[in-house]
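Containing mmCIF, C-alpha atoms: work.cif.
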```cif
data_protein
loop_
_atom_site.label_atom_id
_atom_site.label_comp_id
_atom_site.auth_asym_id
_atom_site.auth_seq_id
_atom_site.Cartn_x
_atom_site.Cartn_y
_atom_site.Cartn_z
CA MET A 1 0.00 0.00 0.00
CA ALA A 2 1.53 3.26 -1.15
CA TYR A 3 2.16 6.07 1.31
CA ILE A 4 0.64 9.26 -0.16
CA LYS A 5 0.40 12.50 1.73
CA LEU A 6 -0.14 16.22 1.26
CA GLN A 7 1.24 18.03 4.30
CA THR A 8 2.12 21.47 5.58
CA GLU A 9 4.93 20.22 7.84
CA PRO A 10 8.45 19.81 6.42
CA ILE A 11 9.17 16.60 4.49
CA ASP A 12 11.40 14.19 6.41
CA VAL A 13 13.26 12.73 3.45
CA ALA A 14 15.38 10.32 5.52
CA ALA A 15 12.34 8.82 7.25
CA LEU A 16 10.48 8.38 3.95
CA TYR A 17 13.50 6.69 2.43
CA GLN A 18 13.59 4.24 5.33
CA GLN A 19 9.93 3.35 4.64
CA LEU A 20 10.90 2.12 1.18
CA LYS A 21 13.43 -0.44 2.37
CA ASN A 22 12.27 -4.01 2.03
CA PRO A 23 14.06 -7.29 1.32
CA ALA A 24 11.87 -7.77 -1.78
CA TYR A 25 13.51 -4.79 -3.49
CA GLY A 26 17.01 -4.25 -4.77
CA GLY A 27 16.67 -0.72 -6.10
CA ILE A 28 15.30 2.46 -4.55
CA VAL A 29 15.09 5.65 -6.61
CA THR A 30 14.01 8.87 -4.94
CA PHE A 31 13.33 12.34 -6.29
CA SER A 32 13.20 15.48 -4.18
CA GLY A 33 11.98 18.71 -5.71
CA THR A 34 13.32 21.74 -3.83
CA VAL A 35 12.68 25.47 -3.96
CA ARG A 36 15.13 27.05 -6.42
CA GLU A 37 16.29 30.64 -6.13
CA TRP A 38 16.99 31.50 -9.76
CA THR A 39 14.92 30.80 -12.90
CA GLU A 40 17.00 32.54 -15.54
CA ASP A 41 16.93 36.17 -14.33
CA ILE A 42 13.98 35.76 -11.98
CA GLN A 43 14.98 35.59 -8.32
CA THR A 44 12.55 33.65 -6.13
CA GLN A 45 12.28 34.27 -2.40
CA LYS A 46 9.70 31.68 -1.41
CA ILE A 47 6.93 29.53 -2.92
CA GLY A 48 3.41 28.91 -1.68
CA PHE A 49 1.70 25.65 -2.64
CA THR A 50 -2.05 25.07 -2.65
CA ALA A 51 -4.05 22.09 -3.87
CA TYR A 52 -7.48 20.73 -4.59
CA GLU A 53 -6.61 18.43 -1.76
CA GLU A 54 -9.19 15.65 -2.04
CA MET A 55 -8.68 15.29 -5.77
CA ALA A 56 -4.88 15.57 -5.58
CA GLN A 57 -4.81 12.81 -2.96
CA LYS A 58 -7.01 10.60 -5.16
CA GLU A 59 -4.99 11.28 -8.31
CA LEU A 60 -1.74 10.45 -6.53
CA GLU A 61 -3.27 7.27 -5.11
CA LYS A 62 -4.35 6.22 -8.61
CA LEU A 63 -0.86 6.85 -10.02
CA ALA A 64 0.80 4.97 -7.18
CA ALA A 65 -1.61 2.04 -7.51
CA LEU A 66 -0.70 1.75 -11.19
CA ILE A 67 2.97 1.40 -10.28
CA GLU A 68 2.47 -0.82 -7.25
CA ALA A 69 0.39 -3.22 -9.38
CA GLN A 70 3.60 -3.84 -11.33
CA GLY A 71 5.46 -4.96 -8.23
CA ALA A 72 6.95 -1.87 -6.62
CA SER A 73 6.45 0.21 -3.50
CA VAL A 74 5.68 3.92 -3.77
CA VAL A 75 5.93 6.94 -1.47
CA ILE A 76 4.70 10.37 -2.60
CA VAL A 77 4.62 13.37 -0.30
CA HIS A 78 3.87 16.93 -1.43
CA ARG A 79 4.20 19.94 0.76
CA LEU A 80 1.53 22.65 1.01
CA GLY A 81 1.84 26.17 2.43
CA GLU A 82 4.80 28.53 2.18
CA LEU A 83 8.28 27.13 1.60
CA ALA A 84 11.65 28.80 1.88
CA LEU A 85 14.51 28.33 -0.57
CA MET A 86 15.98 24.80 -0.58
CA GLU A 87 13.03 23.24 1.25
CA GLU A 88 11.61 20.05 -0.24
CA ALA A 89 8.31 20.67 -2.05
CA VAL A 90 7.90 17.07 -3.14
CA PHE A 91 9.37 13.66 -2.41
CA ILE A 92 8.84 10.64 -4.62
CA GLY A 93 10.33 7.27 -3.84
CA VAL A 94 10.02 4.02 -5.74
CA ALA A 95 11.40 0.73 -4.48
CA ALA A 96 11.50 -2.02 -7.08
CA PRO A 97 13.19 -5.37 -7.59
CA HIS A 98 15.71 -3.80 -10.03
CA ARG A 99 17.05 -0.31 -10.76
CA LYS A 100 15.77 0.05 -14.32
CA GLU A 101 12.09 0.03 -13.41
CA ALA A 102 12.71 2.03 -10.23
CA PHE A 103 14.21 4.87 -12.32
CA GLU A 104 11.48 4.65 -14.96
CA TRP A 105 8.61 4.63 -12.48
CA CYS A 106 10.03 7.45 -10.37
CA GLN A 107 10.39 9.57 -13.50
CA TYR A 108 6.88 8.67 -14.61
CA LEU A 109 5.43 9.64 -11.23
CA ILE A 110 7.10 13.06 -11.01
CA ASP A 111 6.32 13.87 -14.66
CA THR A 112 2.67 12.91 -14.25
CA LEU A 113 2.39 14.73 -10.92
CA LYS A 114 3.69 17.87 -12.62
CA SER A 115 1.27 17.63 -15.54
CA ASP A 116 -1.92 16.23 -14.00
CA VAL A 117 -2.20 16.54 -10.22
CA PRO A 118 -4.14 19.60 -9.05
CA ILE A 119 -1.45 21.38 -7.05
CA TRP A 120 -0.37 24.96 -7.75
CA LYS A 121 2.63 27.04 -6.88
CA LYS A 122 2.70 30.74 -6.29
CA GLU A 123 6.19 32.15 -6.62
CA TYR A 124 7.15 35.14 -4.53
CA ASN A 125 9.89 36.71 -6.60
CA VAL A 126 11.95 39.83 -5.99
CA GLU A 127 10.27 41.46 -9.00
CA ASN A 128 6.74 40.09 -8.76
CA ILE A 129 4.36 37.42 -7.53
CA ARG A 130 3.74 34.79 -10.17
CA TRP A 131 1.47 31.78 -10.30
CA GLY A 132 3.04 28.69 -11.81
CA GLY A 133 1.77 27.81 -15.25
CA THR A 134 1.33 31.48 -16.14
CA ILE A 135 3.65 33.97 -17.74
CA ARG A 136 2.37 36.94 -15.77
CA MET B 1 -24.73 24.47 -8.98
CA LYS B 2 -21.60 25.34 -7.05
CA VAL B 3 -18.29 25.34 -8.90
CA LYS B 4 -14.96 25.25 -7.06
CA LEU B 5 -12.12 27.43 -8.29
CA PHE B 6 -8.44 27.24 -7.44
CA ALA B 7 -5.13 29.08 -7.62
CA TYR B 8 -5.30 32.44 -9.43
CA LEU B 9 -8.94 31.90 -10.39
CA ALA B 10 -9.84 31.59 -6.71
CA GLU B 11 -7.92 34.79 -6.01
CA LYS B 12 -9.56 36.70 -8.84
CA ILE B 13 -13.11 35.37 -8.73
CA GLY B 14 -13.54 33.47 -5.45
CA SER B 15 -13.03 29.89 -4.29
CA GLU B 16 -16.61 28.93 -5.11
CA VAL B 17 -19.15 30.38 -7.53
CA GLU B 18 -22.76 29.60 -8.36
CA LEU B 19 -23.47 28.65 -11.95
CA SER B 20 -26.79 27.69 -13.52
CA LEU B 21 -26.33 24.61 -15.64
CA PRO B 22 -28.64 22.51 -17.81
CA GLN B 23 -29.66 18.95 -16.86
CA GLN B 24 -27.06 17.60 -19.23
CA MET B 25 -23.67 19.19 -19.52
CA THR B 26 -20.16 18.74 -20.80
CA ALA B 27 -16.91 20.14 -19.41
CA ALA B 28 -16.65 22.42 -22.45
CA GLU B 29 -20.13 23.82 -21.74
CA ILE B 30 -19.29 24.43 -18.09
CA LEU B 31 -16.26 26.48 -19.14
CA GLU B 32 -18.32 28.38 -21.73
CA LYS B 33 -20.95 29.27 -19.11
CA LEU B 34 -18.26 30.48 -16.76
CA GLN B 35 -16.70 32.57 -19.51
CA GLU B 36 -20.11 34.16 -20.16
CA GLN B 37 -20.55 34.88 -16.48
CA TYR B 38 -17.00 36.22 -16.04
CA PRO B 39 -16.02 37.67 -19.42
CA GLU B 40 -13.13 39.58 -17.83
CA HIS B 41 -11.56 36.20 -16.92
CA ALA B 42 -12.40 34.42 -20.17
CA LEU B 43 -8.75 34.13 -21.18
CA ASP B 44 -7.77 32.56 -17.86
CA LEU B 45 -10.68 30.13 -18.10
CA GLN B 46 -9.70 29.09 -21.62
CA THR B 47 -6.63 27.24 -20.38
CA CYS B 48 -8.48 25.37 -17.61
CA ARG B 49 -9.66 21.80 -17.34
CA VAL B 50 -12.80 20.68 -15.54
CA ALA B 51 -13.02 18.01 -12.88
CA ILE B 52 -16.35 16.36 -12.17
CA ASN B 53 -16.64 14.37 -8.96
CA GLN B 54 -12.89 14.88 -8.44
CA THR B 55 -11.90 13.29 -11.76
CA PHE B 56 -10.84 15.09 -14.94
CA ALA B 57 -13.72 15.24 -17.41
CA ALA B 58 -13.13 14.85 -21.14
CA ALA B 59 -14.29 18.03 -22.90
CA ASP B 60 -17.20 16.43 -24.75
CA GLU B 61 -18.36 13.74 -22.31
CA ILE B 62 -22.00 14.30 -21.34
CA TYR B 63 -22.86 14.33 -17.64
CA GLU B 64 -26.35 14.17 -16.15
CA GLU B 65 -26.90 16.75 -13.44
CA LYS B 66 -28.13 14.09 -11.01
CA ASN B 67 -24.76 12.31 -11.23
CA VAL B 68 -22.73 15.43 -10.66
CA ASN B 69 -21.83 16.03 -7.03
CA GLU B 70 -18.85 18.30 -7.42
CA ILE B 71 -17.54 20.52 -10.20
CA ALA B 72 -14.12 22.11 -10.10
CA VAL B 73 -12.21 24.24 -12.57
CA ILE B 74 -8.55 23.27 -12.71
CA PRO B 75 -6.08 25.88 -13.98
CA PRO B 76 -2.82 24.51 -15.45
CA VAL B 77 -1.21 22.67 -12.56
CA SER B 78 2.26 23.50 -11.25
CA GLY B 79 3.09 21.23 -8.36
CA GLY B 80 6.34 19.39 -7.91
#
```

Here is the file; what I need is its structure written in the form of structure tokens.
Amino acid sequence: MAYIKLQTEPIDVAALYQQLKNPAYGGIVTFSGTVREWTEDIQTQKIGFTAYEEMAQKELEKLAALIEAQGASVVIVHRLGELALMEEAVFIGVAAPHRKEAFEWCQYLIDTLKSDVPIWKKEYNVENIRWGGTIR
Amino acid sequence: MKVKLFAYLAEKIGSEVELSLPQQMTAAEILEKLQEQYPEHALDLQTCRVAINQTFAAADEIYEEKNVNEIAVIPPVSGG
């Protein structure tokens, strides 16, 4: 059963990694997305994340179930609220029998999260405040 | 029927709006109605998807009002 959570408290990456360890698996791939300061010449100070929480939880559970049905273990945690530079916004971990599928599935999960899961970022930049997915 | 809005749409319009909808509707029609009701935000609405009962709805799939418990407008997502 995948561990899926949206939370306002900081993401404990080490603890989530430990959850993935299991004698059935020989490869664990994790991805952490952190708050970056510079996007070309835009300087970001902090990011606020909001979500359509019930739907985001369901969408993530569906994605994880798809991967777990193929014989892996999945952890996905996304942070909500305001985050400072370098803080983890998202953690994705996939434990699988072998590395190849662990890499593939981790990549699939973060790519699909970024395109289809109803979570939004609001960047607080030096120059402006900008919602993710917009050019304004 | 109540429609949930998120992100910049919630900031500009409100997190929930009332919309009168026919007994049968598609996601495309829901967006059109919203654009009529909020012409000043029509451009923002154009890029949105619609979720019905917390699942993305295909633009042309027909939903009966009695089966629709929750409608949400989903601006382009940007998590991760």

Convert the output of the PyMOL selection byres ((chain A) within 6 of (chain B)) on the shown file into explicit residues, formatted as an mmCIF file with C-alpha atoms, in the frame of the given file.
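The new file expr-v9.cif reads:
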```
data_model
loop_
_atom_site.group_PDB
_atom_site.id
_atom_site.type_symbol
_atom_site.label_atom_id
_atom_site.label_comp_id
_atom_site.auth_asym_id
_atom_site.auth_seq_id
_atom_site.Cartn_x
_atom_site.Cartn_y
_atom_site.Cartn_z
ATOM 1 C CA MET A 55 -8.680 15.290 -5.770
ATOM 2 C CA VAL A 90 7.900 17.070 -3.140
ATOM 3 C CA LYS A 114 3.690 17.870 -12.620
ATOM 4 C CA PRO A 118 -4.140 19.600 -9.050
ATOM 5 C CA ILE A 119 -1.450 21.380 -7.050
ATOM 6 C CA TRP A 120 -0.370 24.960 -7.750
ATOM 7 C CA LYS A 121 2.630 27.040 -6.880
ATOM 8 C CA GLY A 132 3.040 28.690 -11.810
ATOM 9 C CA GLY A 133 1.770 27.810 -15.250
#
```

* Show me as a list in words the residues that reach within 7 Å of (14.3, 17.4, -4.1), counting all atoms listed in the file and using the file's own coordinates. =>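 The answer, in the requested form, is Phe31, Ser32, Gly33, Thr34, Glu88, Val90 and Phe91 of chain A.
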
* At what distance in Å, to one decimal, does CA of Ile28 (chain A) lie from CA of Gln70 (chain A)? ->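 Spanning CA of Gln70 (chain A) to CA of Ile28 (chain A) is a straight-line distance of 14.9 Å.
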
Per residue of region 38-129 of chain A within 6 Å of region 3-11 of chain A, note the shortest atom pair and the distance in Å to one decimal, counting all atoms listed in the file, and order the rows by chain and increasing residue number, as a tab-separated table.
```
residue	atom	partner	partner_atom	distance
A:Val75	CA	A:Tyr3	CA	4.8
A:Ile76	CA	A:Ile4	CA	4.9
A:Val77	CA	A:Lys5	CA	4.8
A:His78	CA	A:Leu6	CA	4.9
A:Arg79	CA	A:Gln7	CA	5.0
A:Leu80	CA	A:Thr8	CA	4.8
A:Gly81	CA	A:Thr8	CA	5.7
```

Generate a file of the selected residues that holds C-alpha atoms, formatted as a PDB file, in the frame of the given file.
```
ATOM      1  CA  VAL A  75       5.930   6.940  -1.470  1.00  0.00           C
ATOM      2  CA  ILE A  76       4.700  10.370  -2.600  1.00  0.00           C
ATOM      3  CA  VAL A  77       4.620  13.370  -0.300  1.00  0.00           C
ATOM      4  CA  HIS A  78       3.870  16.930  -1.430  1.00  0.00           C
ATOM      5  CA  ARG A  79       4.200  19.940   0.760  1.00  0.00           C
ATOM      6  CA  LEU A  80       1.530  22.650   1.010  1.00  0.00           C
ATOM      7  CA  GLY A  81       1.840  26.170   2.430  1.00  0.00           C
TER       8      GLY A  81
END
```

* Name every residue that the PyMOL selection byres ((chain B and resi 19-28) around 9) selects in this structure, writing the answer as a list of chain:residue names with chains first and numbers rising. =>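 Taken over the shown coordinates, the PyMOL selection byres ((chain B and resi 19-28) around 9) returns B:Met1, B:Lys2, B:Val3, B:Val17, B:Glu18, B:Glu29, B:Ile30, B:Leu31, B:Glu32, B:Lys33, B:Leu34, B:Gln37, B:Arg49, B:Val50, B:Ala51, B:Ile52, B:Ala57, B:Ala58, B:Ala59, B:Asp60, B:Glu61, B:Ile62, B:Tyr63, B:Glu64, B:Glu65, B:Lys66.
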
* Run the PyMOL selection byres ((chain A and resi 107) around 10) mentally over the shown coordinates, then write out the matched residues as a ChimeraX atom specification, using the chain letters and numbers from the document. => /A:29-31,92-94,101-106,108-113

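Here CA of Gly26 (chain A) is placed at a distance of 27.2 Å from CA of Glu59 (chain A).
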
* Please return, as a list in words, all polymer residues that have at least one atom within 12 Å of the point (16.9, 24.4, 3.7); use only C-alpha atoms and the file's own coordinate frame. =>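 Residues lying no farther than 12 Å from the given point: Pro10, Ile11, Asp12, Thr34, Val35, Arg36, Glu37, Lys46, Leu83, Ala84, Leu85, Met86, Glu87, Glu88 and Ala89 of chain A.
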
* Find the distance between CA of Lys122 (chain A) and CA of Gln35 (chain B) and write it in Å to one decimal. =>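 So the two atoms, CA of Lys122 (chain A) and CA of Gln35 (chain B), lie 23.5 Å apart.
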
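Restricting the calculation to all atoms listed in the file, the smallest distance between Arg99 (chain A) and any of A:Ala72, A:Ala14, A:Lys62, A:Gly27 is found for A:Gly27.
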
* Asked: Nearest to Glu127 (chain A) among A:Ile47, A:Leu16, A:Ile42, A:Leu63, with distances taken over only C-alpha atoms: which residue is it?
  ->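 Closest residue, counting only C-alpha atoms: A:Ile42.
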
Some atoms are missing, so please complete region 53-66 of chain B with N, CA, C and O atoms and return it as a PDB file, keeping the file's coordinate frame.
```
ATOM      1  N   ASN B  53     -16.769  15.368 -10.026  1.00  0.00           N
ATOM      2  CA  ASN B  53     -16.640  14.370  -8.960  1.00  0.00           C
ATOM      3  C   ASN B  53     -15.176  13.986  -8.737  1.00  0.00           C
ATOM      4  O   ASN B  53     -14.821  12.819  -8.578  1.00  0.00           O
ATOM      5  N   GLN B  54     -14.329  15.018  -8.749  1.00  0.00           N
ATOM      6  CA  GLN B  54     -12.890  14.880  -8.440  1.00  0.00           C
ATOM      7  C   GLN B  54     -12.115  14.012  -9.436  1.00  0.00           C
ATOM      8  O   GLN B  54     -11.106  13.410  -9.091  1.00  0.00           O
ATOM      9  N   THR B  55     -12.626  13.971 -10.679  1.00  0.00           N
ATOM     10  CA  THR B  55     -11.900  13.290 -11.760  1.00  0.00           C
ATOM     11  C   THR B  55     -11.938  14.205 -12.981  1.00  0.00           C
ATOM     12  O   THR B  55     -12.971  14.832 -13.254  1.00  0.00           O
ATOM     13  N   PHE B  56     -10.836  14.261 -13.729  1.00  0.00           N
ATOM     14  CA  PHE B  56     -10.840  15.090 -14.940  1.00  0.00           C
ATOM     15  C   PHE B  56     -11.917  14.611 -15.896  1.00  0.00           C
ATOM     16  O   PHE B  56     -12.056  13.409 -16.138  1.00  0.00           O
ATOM     17  N   ALA B  57     -12.659  15.563 -16.455  1.00  0.00           N
ATOM     18  CA  ALA B  57     -13.720  15.240 -17.410  1.00  0.00           C
ATOM     19  C   ALA B  57     -13.214  15.523 -18.815  1.00  0.00           C
ATOM     20  O   ALA B  57     -12.624  16.574 -19.072  1.00  0.00           O
ATOM     21  N   ALA B  58     -13.437  14.586 -19.734  1.00  0.00           N
ATOM     22  CA  ALA B  58     -13.130  14.850 -21.140  1.00  0.00           C
ATOM     23  C   ALA B  58     -14.047  15.979 -21.610  1.00  0.00           C
ATOM     24  O   ALA B  58     -15.187  16.087 -21.151  1.00  0.00           O
ATOM     25  N   ALA B  59     -13.557  16.818 -22.527  1.00  0.00           N
ATOM     26  CA  ALA B  59     -14.290  18.030 -22.900  1.00  0.00           C
ATOM     27  C   ALA B  59     -15.712  17.763 -23.387  1.00  0.00           C
ATOM     28  O   ALA B  59     -16.626  18.527 -23.116  1.00  0.00           O
ATOM     29  N   ASP B  60     -15.900  16.645 -24.110  1.00  0.00           N
ATOM     30  CA  ASP B  60     -17.200  16.430 -24.750  1.00  0.00           C
ATOM     31  C   ASP B  60     -18.034  15.312 -24.106  1.00  0.00           C
ATOM     32  O   ASP B  60     -19.071  14.929 -24.638  1.00  0.00           O
ATOM     33  N   GLU B  61     -17.583  14.799 -22.971  1.00  0.00           N
ATOM     34  CA  GLU B  61     -18.360  13.740 -22.310  1.00  0.00           C
ATOM     35  C   GLU B  61     -19.603  14.366 -21.654  1.00  0.00           C
ATOM     36  O   GLU B  61     -19.515  15.390 -20.983  1.00  0.00           O
ATOM     37  N   ILE B  62     -20.753  13.738 -21.864  1.00  0.00           N
ATOM     38  CA  ILE B  62     -22.000  14.300 -21.340  1.00  0.00           C
ATOM     39  C   ILE B  62     -22.297  13.771 -19.939  1.00  0.00           C
ATOM     40  O   ILE B  62     -22.278  12.560 -19.707  1.00  0.00           O
ATOM     41  N   TYR B  63     -22.534  14.694 -19.022  1.00  0.00           N
ATOM     42  CA  TYR B  63     -22.860  14.330 -17.640  1.00  0.00           C
ATOM     43  C   TYR B  63     -24.301  14.736 -17.332  1.00  0.00           C
ATOM     44  O   TYR B  63     -24.747  15.812 -17.725  1.00  0.00           O
ATOM     45  N   GLU B  64     -24.998  13.856 -16.626  1.00  0.00           N
ATOM     46  CA  GLU B  64     -26.350  14.170 -16.150  1.00  0.00           C
ATOM     47  C   GLU B  64     -26.195  14.910 -14.815  1.00  0.00           C
ATOM     48  O   GLU B  64     -25.404  14.487 -13.968  1.00  0.00           O
ATOM     49  N   GLU B  65     -27.001  15.941 -14.656  1.00  0.00           N
ATOM     50  CA  GLU B  65     -26.900  16.750 -13.440  1.00  0.00           C
ATOM     51  C   GLU B  65     -27.007  15.898 -12.173  1.00  0.00           C
ATOM     52  O   GLU B  65     -26.293  16.125 -11.198  1.00  0.00           O
ATOM     53  N   LYS B  66     -27.916  14.889 -12.216  1.00  0.00           N
ATOM     54  CA  LYS B  66     -28.130  14.090 -11.010  1.00  0.00           C
ATOM     55  C   LYS B  66     -26.890  13.286 -10.599  1.00  0.00           C
ATOM     56  O   LYS B  66     -26.768  12.873  -9.453  1.00  0.00           O
TER      57      LYS B  66
END
```
